[in-house]
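Chemist: Below is a structure I'd like to ask you about.
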Amino acid sequence: MDFPLHTRPLGPARLLGAAPGGRGVRGPGPSGTEIIEIAAAAGIRGRGGAGFPLGVKLRSVAGSAAPGRYAIANAEEGEPGSVKDRFLIRERPELVVEGLLLAARAVGADRSFLYASDRPGADALDEAARHVPSVEMIRVEPAYAAGEETAVVRAVGGGPALPVVKPPRPWQEGLHGAPTLVSNAETLAQLALAVRLGPRAYREAGTGDSPGTFLATVSGGGRPPVLYEVPYGVPLRELARAHLGDHAAVTGVLAGGLAGGLLPAARLGLSLTHAAFTAAGSTLGCGGFVLLTAECPVEVAAGAAAFFDRENARQCGPCVRGTEAVATLLAGLMAGTAGPGDAARLERLAGGLAGRGNCATPDAVSVLVGSLFRHHSTLVHAHAVRSCARCAGARPFDVRIPLGESS
Ligand code: SF4
């Protein structure tokens with residue numbers, strides 16, 4: 001297969017190049033306890049969004065007193081500005097399957113599942129796992145909320161791919177009520193890498209807090225999207241420079257897919273680590289970055305809020321009503337039809353959305369609008385009293401990266 005986007009490593013090419021140890025799912029390796037020790041010593045953190053330490057998650061499922069265990073590789077990539085999981089399952093399915101088998105051994109799971117909507121990727125995973133009877137492929141319809149961990153568990157169990165209230169989280173009570181490890185496809189590929197390399201070599205890239213490399217989807221700036229492999233700790237500026245040739249034209253960044261909100265150009269010096277992004281009120285999330293050059297930040301926020309409103313799973317009242325109201329207010333500010341109190345109403349409404357639903361959508365909306373006011377408050381209030389020339393001439397902002405069915 002040839003992936004339809006350019007790929008480019010900015011350091012060691014562990015996932016974009018030839019993986020150490022070659023192609024093919026590797027057979028029996030370390031024991032379950034050893035796998036957990038390797039994951040912890042390598043310092044692998046989740047690549048799906050939260051950056052949670054994998055060793056802790058494995059240990060929690062393995063140490064549960066409840067009977068039965070399951071493991072699920074989550075390759076449902078709902079973030080519109082990210083393609084990394086689709087790259088991995090289409091081009092490196094053996095690493096994802098190998099990581100799932102390692103994780104299953106670590107937690108003591110007899111059965112495991114691969115979960116994805118991308119047809120070429122799901123076909124490649126099926127092929128990579130065809131000689132492994134303990135692994136089953138589950139195909140799902142694409143949706144933003146379908147990759148949330150409780151939605152994954154429901155869909156694998158035969159239900160709708162919709163999130164449910166937490167706790168309990170899947171590691172406590174997941175598939176058929178049993179402790180279930182749900183892990184992102186890249187996280188599992190990283191586990192396979194850490195076992196192949198050993199923790200010491202794995203840590204030769206990245207920082208102490210965020211070891212290794214990660215896949216970053218970079219788009220915007222009038223250039224075609226590119227999938228980069230980046231050692232943690234590189235400044236965001238380096239990524240902008242790699243993508244545009246120069247970072248001088250960058251006015252801001254939409255970070256972490258849509259989950260990290262807006263960052264101004266003044267934050268291009270931020271180190272690509274979990275700690276630095278958290279301290280800046282953002283997140284690395286799934287590693288999607290949209291470089292902004294000519295766009296108005298209000299237009300960008302309006303486009304992102306419209307996406308959340310369209311993709312809303314319409315289950316939790318505060319999220320459904322709040323997301324719709326935020327999208328409407330931002331659309332009004334962008335169109336120059338907002339009233340004098342609308343900017344303040346937007347800020348208040350979005351501030352109250354955090355934690356008000358079964359999934360992270362309301363949190364993402366809250367972070368998005370919070371970042372808009374934190375970095376561009378004067379500009380937002382100006383939109384409520386006069387039309388913005390940049391917004392007026394703008395096409396609807398859209399961060400989706402269509403990949404097509406064939407590769
Ligand atoms: S929080 Fe929102 S998007 Fe998430 S499940 Fe509830 S209604 Fe759906």
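By convention in this document, the chains of the structure tokens carry letters A, B, ... by their order, each chain's residues are numbered from 1, and ligands are numbered from 1 in the order they are shown.
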Check every protein, DNA and RNA residue against ligand 1, keep those with an atom at most 12 Å away (counting only C-alpha atoms and all ligand atoms), and present them as a ChimeraX atom specification.

Modeler: /A:78,143-151,160-166,305,307-324,353-366

Chemist: Kindly assemble as JSON lines a list of the segment 240-338 of chain A residues that lie within 9 Å of segment 83-96 of chain A, each paired with its nearest atom pair and their distance in Å to one decimal, using only C-alpha atoms, sorted first by chain and then by ascending residue number.

Modeler:
```
{"residue": "A:Cys286", "atom": "CA", "partner": "A:Lys84", "partner_atom": "CA", "distance": 8.4}
{"residue": "A:Gly287", "atom": "CA", "partner": "A:Lys84", "partner_atom": "CA", "distance": 8.4}
{"residue": "A:Gly288", "atom": "CA", "partner": "A:Val83", "partner_atom": "CA", "distance": 8.2}
```

Chemist: Please, could you write that set of residues out with N, CA and C atoms as a CSV table (one decimal), in the first residue's frame?

Modeler:
```csv
chain,number,residue,atom,x,y,z
A,286,CYS,N,-4.2,14.0,20.2
A,286,CYS,CA,-3.8,12.9,19.2
A,286,CYS,C,-2.7,13.3,18.3
A,287,GLY,N,-2.1,14.5,18.6
A,287,GLY,CA,-0.9,14.9,17.8
A,287,GLY,C,-1.3,15.6,16.5
A,288,GLY,N,-2.5,16.1,16.4
A,288,GLY,CA,-2.9,16.9,15.2
A,288,GLY,C,-2.6,18.4,15.4
```

Chemist: Taking only C-alpha atoms into account, name the residue in A:Leu254, A:Val300, A:Leu291, A:Leu191 that is nearest to Pro224 of chain A.

Modeler: A:Leu291

Chemist: Tell me, as a ChimeraX atom specification, which residues lie within 9 Å of Leu100 of chain A, counting only C-alpha atoms; anything in the same chain fewer than 4 positions away does not count.

Modeler: /A:71-73,95-96,104-105,112-114,135,183,185,188-189,191-192

Chemist: Go ahead and save the residues from that selection, with C-alpha atoms, as a CSV table (one decimal), in the first residue's frame.

Modeler:
```
chain,number,residue,atom,x,y,z
A,71,ALA,CA,-8.0,-6.1,25.4
A,72,ILE,CA,-9.1,-3.8,22.6
A,73,ALA,CA,-6.9,-1.9,20.1
A,95,LEU,CA,2.9,-3.5,14.9
A,96,VAL,CA,-0.6,-2.7,16.1
A,104,ALA,CA,-3.4,-8.9,26.1
A,105,ARG,CA,-0.6,-11.1,27.6
A,112,SER,CA,-8.8,-9.3,22.1
A,113,PHE,CA,-10.4,-7.1,19.5
A,114,LEU,CA,-9.3,-4.7,16.8
A,135,VAL,CA,-8.2,-11.7,17.9
A,183,SER,CA,-5.7,1.3,24.1
A,185,ALA,CA,-3.5,1.9,18.0
A,188,LEU,CA,0.0,-0.4,21.1
A,189,ALA,CA,2.5,0.1,18.2
A,191,LEU,CA,4.5,-1.0,23.1
A,192,ALA,CA,5.6,-3.3,20.3
```

Chemist: Do you have the atom CA of Leu330 of chain A-atom CA of Ala302 of chain A distance handy?

Modeler: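 Pair atom CA of Leu330 of chain A / atom CA of Ala302 of chain A returns 5.0 Å.
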
Chemist: Write out as a list in words the set of residues from segment 10-176 of chain A that DSSP, computed on the backbone, places in strand (DSSP E or B).

Modeler: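 Here are the strand (DSSP E or B) residues of segment 10-176 of chain A: Arg45, Pro53, Tyr70, Ala71, Ile72, Ala73, Asn74, Arg111, Ser112, Phe113, Leu114, Tyr115, Ala116, Val135, Glu136, Met137, Ile138 and Arg139 of chain A.
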
Chemist: Mind writing the picked residues with N, CA and C atoms as a PDB file, in the first residue's frame?

Modeler:
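Final file, part_35.pdb:
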```
ATOM      1  N   ARG A  45       3.497   6.668  27.061  1.00  0.00           N
ATOM      2  CA  ARG A  45       2.259   7.362  27.420  1.00  0.00           C
ATOM      3  C   ARG A  45       1.278   7.224  26.260  1.00  0.00           C
ATOM      4  N   PRO A  53      -0.065   7.090  31.411  1.00  0.00           N
ATOM      5  CA  PRO A  53       1.017   6.092  31.363  1.00  0.00           C
ATOM      6  C   PRO A  53       0.482   4.675  31.105  1.00  0.00           C
ATOM      7  N   TYR A  70     -10.317  -8.538  28.937  1.00  0.00           N
ATOM      8  CA  TYR A  70     -10.306  -8.328  27.490  1.00  0.00           C
ATOM      9  C   TYR A  70      -9.323  -7.211  27.167  1.00  0.00           C
ATOM     10  N   ALA A  71      -8.862  -7.209  25.912  1.00  0.00           N
ATOM     11  CA  ALA A  71      -8.006  -6.115  25.432  1.00  0.00           C
ATOM     12  C   ALA A  71      -8.526  -5.663  24.066  1.00  0.00           C
ATOM     13  N   ILE A  72      -8.546  -4.360  23.861  1.00  0.00           N
ATOM     14  CA  ILE A  72      -9.068  -3.798  22.602  1.00  0.00           C
ATOM     15  C   ILE A  72      -8.078  -2.779  22.054  1.00  0.00           C
ATOM     16  N   ALA A  73      -7.741  -2.935  20.757  1.00  0.00           N
ATOM     17  CA  ALA A  73      -6.941  -1.910  20.064  1.00  0.00           C
ATOM     18  C   ALA A  73      -7.904  -0.929  19.417  1.00  0.00           C
ATOM     19  N   ASN A  74      -7.863   0.305  19.848  1.00  0.00           N
ATOM     20  CA  ASN A  74      -8.796   1.328  19.363  1.00  0.00           C
ATOM     21  C   ASN A  74      -8.144   2.118  18.231  1.00  0.00           C
ATOM     22  N   ARG A 111      -9.139 -13.068  25.044  1.00  0.00           N
ATOM     23  CA  ARG A 111      -9.679 -12.594  23.763  1.00  0.00           C
ATOM     24  C   ARG A 111      -9.377 -11.113  23.603  1.00  0.00           C
ATOM     25  N   SER A 112      -9.086 -10.731  22.358  1.00  0.00           N
ATOM     26  CA  SER A 112      -8.775  -9.333  22.070  1.00  0.00           C
ATOM     27  C   SER A 112      -9.505  -8.916  20.806  1.00  0.00           C
ATOM     28  N   PHE A 113      -9.615  -7.611  20.635  1.00  0.00           N
ATOM     29  CA  PHE A 113     -10.370  -7.066  19.509  1.00  0.00           C
ATOM     30  C   PHE A 113      -9.610  -5.920  18.865  1.00  0.00           C
ATOM     31  N   LEU A 114      -9.741  -5.845  17.543  1.00  0.00           N
ATOM     32  CA  LEU A 114      -9.254  -4.705  16.773  1.00  0.00           C
ATOM     33  C   LEU A 114     -10.497  -3.921  16.379  1.00  0.00           C
ATOM     34  N   TYR A 115     -10.472  -2.601  16.503  1.00  0.00           N
ATOM     35  CA  TYR A 115     -11.678  -1.780  16.342  1.00  0.00           C
ATOM     36  C   TYR A 115     -11.350  -0.600  15.445  1.00  0.00           C
ATOM     37  N   ALA A 116     -12.026  -0.495  14.291  1.00  0.00           N
ATOM     38  CA  ALA A 116     -11.715   0.587  13.352  1.00  0.00           C
ATOM     39  C   ALA A 116     -12.868   0.777  12.375  1.00  0.00           C
ATOM     40  N   VAL A 135      -7.951 -13.115  18.249  1.00  0.00           N
ATOM     41  CA  VAL A 135      -8.195 -11.706  17.911  1.00  0.00           C
ATOM     42  C   VAL A 135      -9.341 -11.597  16.910  1.00  0.00           C
ATOM     43  N   GLU A 136     -10.271 -10.686  17.169  1.00  0.00           N
ATOM     44  CA  GLU A 136     -11.423 -10.480  16.296  1.00  0.00           C
ATOM     45  C   GLU A 136     -11.462  -9.031  15.824  1.00  0.00           C
ATOM     46  N   MET A 137     -11.796  -8.845  14.557  1.00  0.00           N
ATOM     47  CA  MET A 137     -11.902  -7.496  13.985  1.00  0.00           C
ATOM     48  C   MET A 137     -13.335  -6.992  14.136  1.00  0.00           C
ATOM     49  N   ILE A 138     -13.489  -5.797  14.695  1.00  0.00           N
ATOM     50  CA  ILE A 138     -14.812  -5.166  14.809  1.00  0.00           C
ATOM     51  C   ILE A 138     -14.797  -3.891  13.978  1.00  0.00           C
ATOM     52  N   ARG A 139     -15.684  -3.812  12.998  1.00  0.00           N
ATOM     53  CA  ARG A 139     -15.765  -2.620  12.139  1.00  0.00           C
ATOM     54  C   ARG A 139     -16.916  -1.749  12.609  1.00  0.00           C
TER      55      ARG A 139
END
```

Chemist: Quick one: which segment 52-118 of chain A residues come within 8 Å of segment 398-403 of chain A, and what is the nearest atom pair for each with the distance in Å to one decimal, counting only C-alpha atoms, rows ordered by chain and ascending number, as CSV?

Modeler:
```
residue,atom,partner,partner_atom,distance
A:Pro80,CA,A:Arg400,CA,4.4
A:Gly81,CA,A:Val399,CA,5.3
A:Ser82,CA,A:Ile401,CA,7.3
A:Val83,CA,A:Ile401,CA,7.4
```

Chemist: Mind writing the picked residues with C-alpha atoms as a PDB file, in the first residue's frame?

Modeler:
```pdb
ATOM      1  CA  PRO A  80     -10.758  15.482  12.006  1.00  0.00           C
ATOM      2  CA  GLY A  81      -7.161  16.783  11.826  1.00  0.00           C
ATOM      3  CA  SER A  82      -5.412  13.462  12.458  1.00  0.00           C
ATOM      4  CA  VAL A  83      -4.465  10.578  10.156  1.00  0.00           C
TER       5      VAL A  83
END
```

Chemist: Compare A:Gly233, A:Ala13, A:Glu173, A:Val218 by their minimum atom-to-atom distance to Ala255 of chain A, counting only C-alpha atoms, and give me the closest one.

Modeler: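 Smallest distance to Ala255 of chain A is found for A:Val218.
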
Chemist: To one decimal place, how far is atom CA of Asp123 of chain A from atom CA of Val195 of chain A in Å?

Modeler: 25.4 Å

Chemist: Would you work out the distance separating atom CA of Cys391 of chain A from atom CA of Ala335 of chain A, expressed in Å to one decimal?

Modeler: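 Computed distance, atom CA of Cys391 of chain A to atom CA of Ala335 of chain A, equals 7.0 Å.
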